[in-house]
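Asks: My structure is below; once you've seen it, I'll send some questions.
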Amino acid sequence: MISDSKPSVCVVGLGYIGLPTAAIVARAGCPVLGVDVSEKVVETINRGEIHIEEVDLDGLVRGVVQRGLLRASTVIAPCQVYVIAVPTPFARDGNHTPDVSHVLAAATEIAAVLKSGDLVIVESTCPVGTTEQVRDLLARLRPDLKLPGLSAETPDVAVAYCPERVLPGRILEELANNDRSIGGVSPRCARKALAFYKRFVRGECVTTDARSAEMTKLVENAYRDVNIAFANELSMIADRMELDIWEVIRLANRHPRVHILQPGPGVGGHCIAVDPWFIVHGAPEQARLIRNAREVNDAKMHHVLARASALIESAPEAAVACFGLSFKANIDDFRESPARFVAASLARRFGRRIRVVEPYASALPPEFEGTGAELVDLDAALETCGVHLVLVDHDVFRAVPADERRHALVYDTRGIWADQTRPAHPALRLAS
Ligand code: SAJ
């Protein structure tokens, strides 16, 4: 049984989800052990510092470490609740096969210290069936313990799946306030997990079975991916037909039941560009729209690259400003970023003509090395560049007045400079 006093909690994986979760659980008064494979991450957290950027996380971690509620280690120790928040990347087979080996490795370590009354929760985004796989692994490694759903007897341990659904940049707020799906391997497991989440979640916690909760997480991100793909496909059609897509979407969205998302240079980040493939992998024959959406969003990057290249070739003397590298606006996360892919490809092709403006970076990523491209500030780019390529809709870029960019050839992939997107430059028309 989880005692009604504050349970001790072990959070395995101290990344973008694990660390904020560990800190919030500690703030709720539970003693938390955060576990990570990286010595460096562990040392940083034990100093009361953080290794990732997230709004207000630094003060929260400092506070709970100072109060002795959060400590980090590379080794799992006995606790009452275990939360697995490790990455689930693709396998290296080139087929977008989900790799759950980190989840299973964490479960293997937990098995060594597991005891009757404990609760094991998987939070990592997983293919459907992974939580039951974790349960089966625990059962195999600990035949002395009764695991849920394997016999009619009351189990010793509870196992559940509870995905996060927080938005980078708003993680702490959304961890506390978003509703959560809580999927038990059995209804009893869901009830145990619900009691745990109620300690620190203000949003509604809705219980279900583990497989439905796993699918729900994947479906949420696939839904967004499909909707962005619709916008990106429209933008490529509009380029072909020489229409202003921003105007078309603005007008269509005046219909009370139409809400088209915004086209961009593609879809980035570690979630929306990845999770839909977990559904495709589970049901390849049926998941046709979801697979197509992934392909459309990836194709948009190459479409942008081709059009940008044509524009740059049309002005051989001009320096080129690439505005933005991050995967979306107003964050310093450059993982799986289409903007970064386009800018780096242009740097390899056009060398020192390429100037990158990225207020959230202090240096260019390694793939720019040796290309001759340089990182410049916004003023320098606006003053010296004859081609302006908008890749990220950072607020500072939005705020650039028309006067300061009127002289330039502009390709705005985010539609932030509406006054400059019409009419398209002839080179952009040819490249569609
Ligand atoms: N994007 C567009 N057009 C849009 C909206 C987004 O091109 O209209 C692009 C962004 O520029 C970015 C990508 O999509 O490259 C993803 O950005 P995002 O803001 O849609 O989502 P993420 O990846 O930051 O966070 C998502 C969220 N999922 C949903 O909104 C369904 C978040 O709630 C999840 O917790 C997170 O994935 C996750 O961890 O799974």
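Quick note on naming: the chains in the structure tokens go A, B, ... in the order shown, residues restart at 1 in each chain, and ligands are numbered from 1 in order of appearance.
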When the cut-off is 9 Å and you count only C-alpha atoms and all ligand atoms, which residues lie near ligand 1, shown as a ChimeraX atom specification?

Replies: /A:16-17,125,163-169,171,174,217-225,227-229,231-232,260-275,297,326-329,336-339,392-393,414

Asks: Would you pick out the contacts of Glu53 in chain A at 12 Å or less, using only C-alpha atoms, so that residues sharing its chain but fewer than 5 positions from it are not included, and give the list as a ChimeraX atom specification?

Replies: /A:15-17,19-20,58-59,168-172,330-334,360

Asks: Could you give me the residues within range 50-273 of chain A that DSSP places in helix (DSSP H, G or I), as number ranges by chain?

Replies: A: 57-66, 101-113, 130-141, 171-177, 187-197, 210-241, 245-252

Asks: For Cys205 in chain A, work out the shell of residues within 7 Å, counting only C-alpha atoms and skipping chain neighbours fewer than 4 positions away, then give it as a VMD selection string.

Replies: chain A and resid 179 to 182 194

Asks: Export all heavy atoms of the chosen residues as a compact mmCIF listing (two decimals), in the first residue's frame?

Replies:
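So the final result, stored in result-v3.txt, reads:
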# COMPACT_ATOMS: atom_id res chain seq x y z
N ASP A 179 -5.29 18.44 -17.85
CA ASP A 179 -5.93 17.17 -17.50
C ASP A 179 -4.97 16.04 -17.84
O ASP A 179 -4.10 16.20 -18.70
CB ASP A 179 -7.22 16.97 -18.32
CG ASP A 179 -8.30 17.97 -17.94
OD1 ASP A 179 -8.09 18.72 -16.96
OD2 ASP A 179 -9.33 18.00 -18.62
N ARG A 180 -5.09 14.89 -17.18
CA ARG A 180 -4.22 13.75 -17.48
C ARG A 180 -5.03 12.49 -17.71
O ARG A 180 -6.04 12.28 -17.05
CB ARG A 180 -3.27 13.44 -16.29
CG ARG A 180 -2.51 14.58 -15.72
CD ARG A 180 -1.10 14.66 -16.01
NE ARG A 180 -0.22 13.59 -16.27
CZ ARG A 180 1.10 13.74 -16.18
NH1 ARG A 180 1.62 14.87 -15.76
NH2 ARG A 180 1.90 12.76 -16.51
N SER A 181 -4.55 11.65 -18.63
CA SER A 181 -5.12 10.31 -18.79
C SER A 181 -4.27 9.37 -17.95
O SER A 181 -3.04 9.38 -18.07
CB SER A 181 -5.05 9.83 -20.23
OG SER A 181 -5.44 10.83 -21.11
N ILE A 182 -4.90 8.54 -17.15
CA ILE A 182 -4.17 7.63 -16.27
C ILE A 182 -4.61 6.20 -16.56
O ILE A 182 -5.73 5.81 -16.26
CB ILE A 182 -4.43 8.01 -14.80
CG1 ILE A 182 -3.91 9.44 -14.59
CG2 ILE A 182 -3.80 7.01 -13.85
CD1 ILE A 182 -3.96 9.94 -13.20
N LEU A 194 -3.90 7.24 -9.83
CA LEU A 194 -4.72 8.45 -9.68
C LEU A 194 -4.42 9.13 -8.34
O LEU A 194 -4.23 10.36 -8.28
CB LEU A 194 -6.20 8.05 -9.75
CG LEU A 194 -7.22 9.16 -9.53
CD1 LEU A 194 -7.20 10.14 -10.69
CD2 LEU A 194 -8.63 8.59 -9.36

Asks: Give me the residues within 10 Å of Arg188 in chain A as a compact mmCIF listing (two decimals) with N, CA, C and O atoms, in the first residue's frame, counting only C-alpha atoms and dropping any in the same chain fewer than 3 places off.

Replies:
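Final output, saved to result-v4.txt:
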# COMPACT_ATOMS: atom_id res chain seq x y z
N PRO A 148 0.11 -7.24 -11.56
CA PRO A 148 -1.32 -7.13 -11.89
C PRO A 148 -1.69 -7.77 -13.23
O PRO A 148 -0.89 -7.77 -14.17
N GLY A 149 -2.90 -8.32 -13.30
CA GLY A 149 -3.45 -8.83 -14.55
C GLY A 149 -2.93 -10.19 -14.96
O GLY A 149 -3.28 -10.67 -16.03
N THR A 154 -4.78 -10.76 -5.59
CA THR A 154 -4.49 -9.33 -5.43
C THR A 154 -3.00 -9.10 -5.66
O THR A 154 -2.17 -9.75 -5.02
N PRO A 155 -2.65 -8.23 -6.58
CA PRO A 155 -1.23 -8.06 -6.88
C PRO A 155 -0.48 -7.32 -5.77
O PRO A 155 -1.07 -6.58 -5.00
N ALA A 158 1.59 -2.20 -8.30
CA ALA A 158 0.71 -1.59 -9.32
C ALA A 158 1.55 -1.06 -10.47
O ALA A 158 2.67 -0.57 -10.26
N VAL A 159 1.01 -1.15 -11.70
CA VAL A 159 1.74 -0.66 -12.88
C VAL A 159 0.76 0.16 -13.72
O VAL A 159 -0.36 -0.28 -14.00
N ALA A 160 1.20 1.36 -14.14
CA ALA A 160 0.29 2.24 -14.89
C ALA A 160 1.04 3.04 -15.95
O ALA A 160 2.27 3.17 -15.90
N GLY A 184 -4.33 2.28 -16.10
CA GLY A 184 -3.82 1.19 -15.27
C GLY A 184 -3.75 -0.11 -16.06
O GLY A 184 -4.56 -0.34 -16.95
N VAL A 185 -2.80 -0.95 -15.69
CA VAL A 185 -2.77 -2.31 -16.24
C VAL A 185 -4.02 -3.06 -15.74
O VAL A 185 -4.51 -3.97 -16.38
N ARG A 191 -6.41 3.26 -10.09
CA ARG A 191 -6.80 3.95 -8.85
C ARG A 191 -5.57 4.36 -8.05
O ARG A 191 -5.49 5.47 -7.52
N LYS A 192 -4.57 3.49 -7.98
CA LYS A 192 -3.34 3.81 -7.22
C LYS A 192 -2.61 4.98 -7.89
O LYS A 192 -2.12 5.89 -7.22
N ALA A 193 -2.52 4.94 -9.22
CA ALA A 193 -1.81 6.01 -9.93
C ALA A 193 -2.57 7.33 -9.79
O ALA A 193 -1.97 8.39 -9.64
N LEU A 194 -3.90 7.24 -9.83
CA LEU A 194 -4.72 8.45 -9.68
C LEU A 194 -4.42 9.13 -8.34
O LEU A 194 -4.23 10.36 -8.28
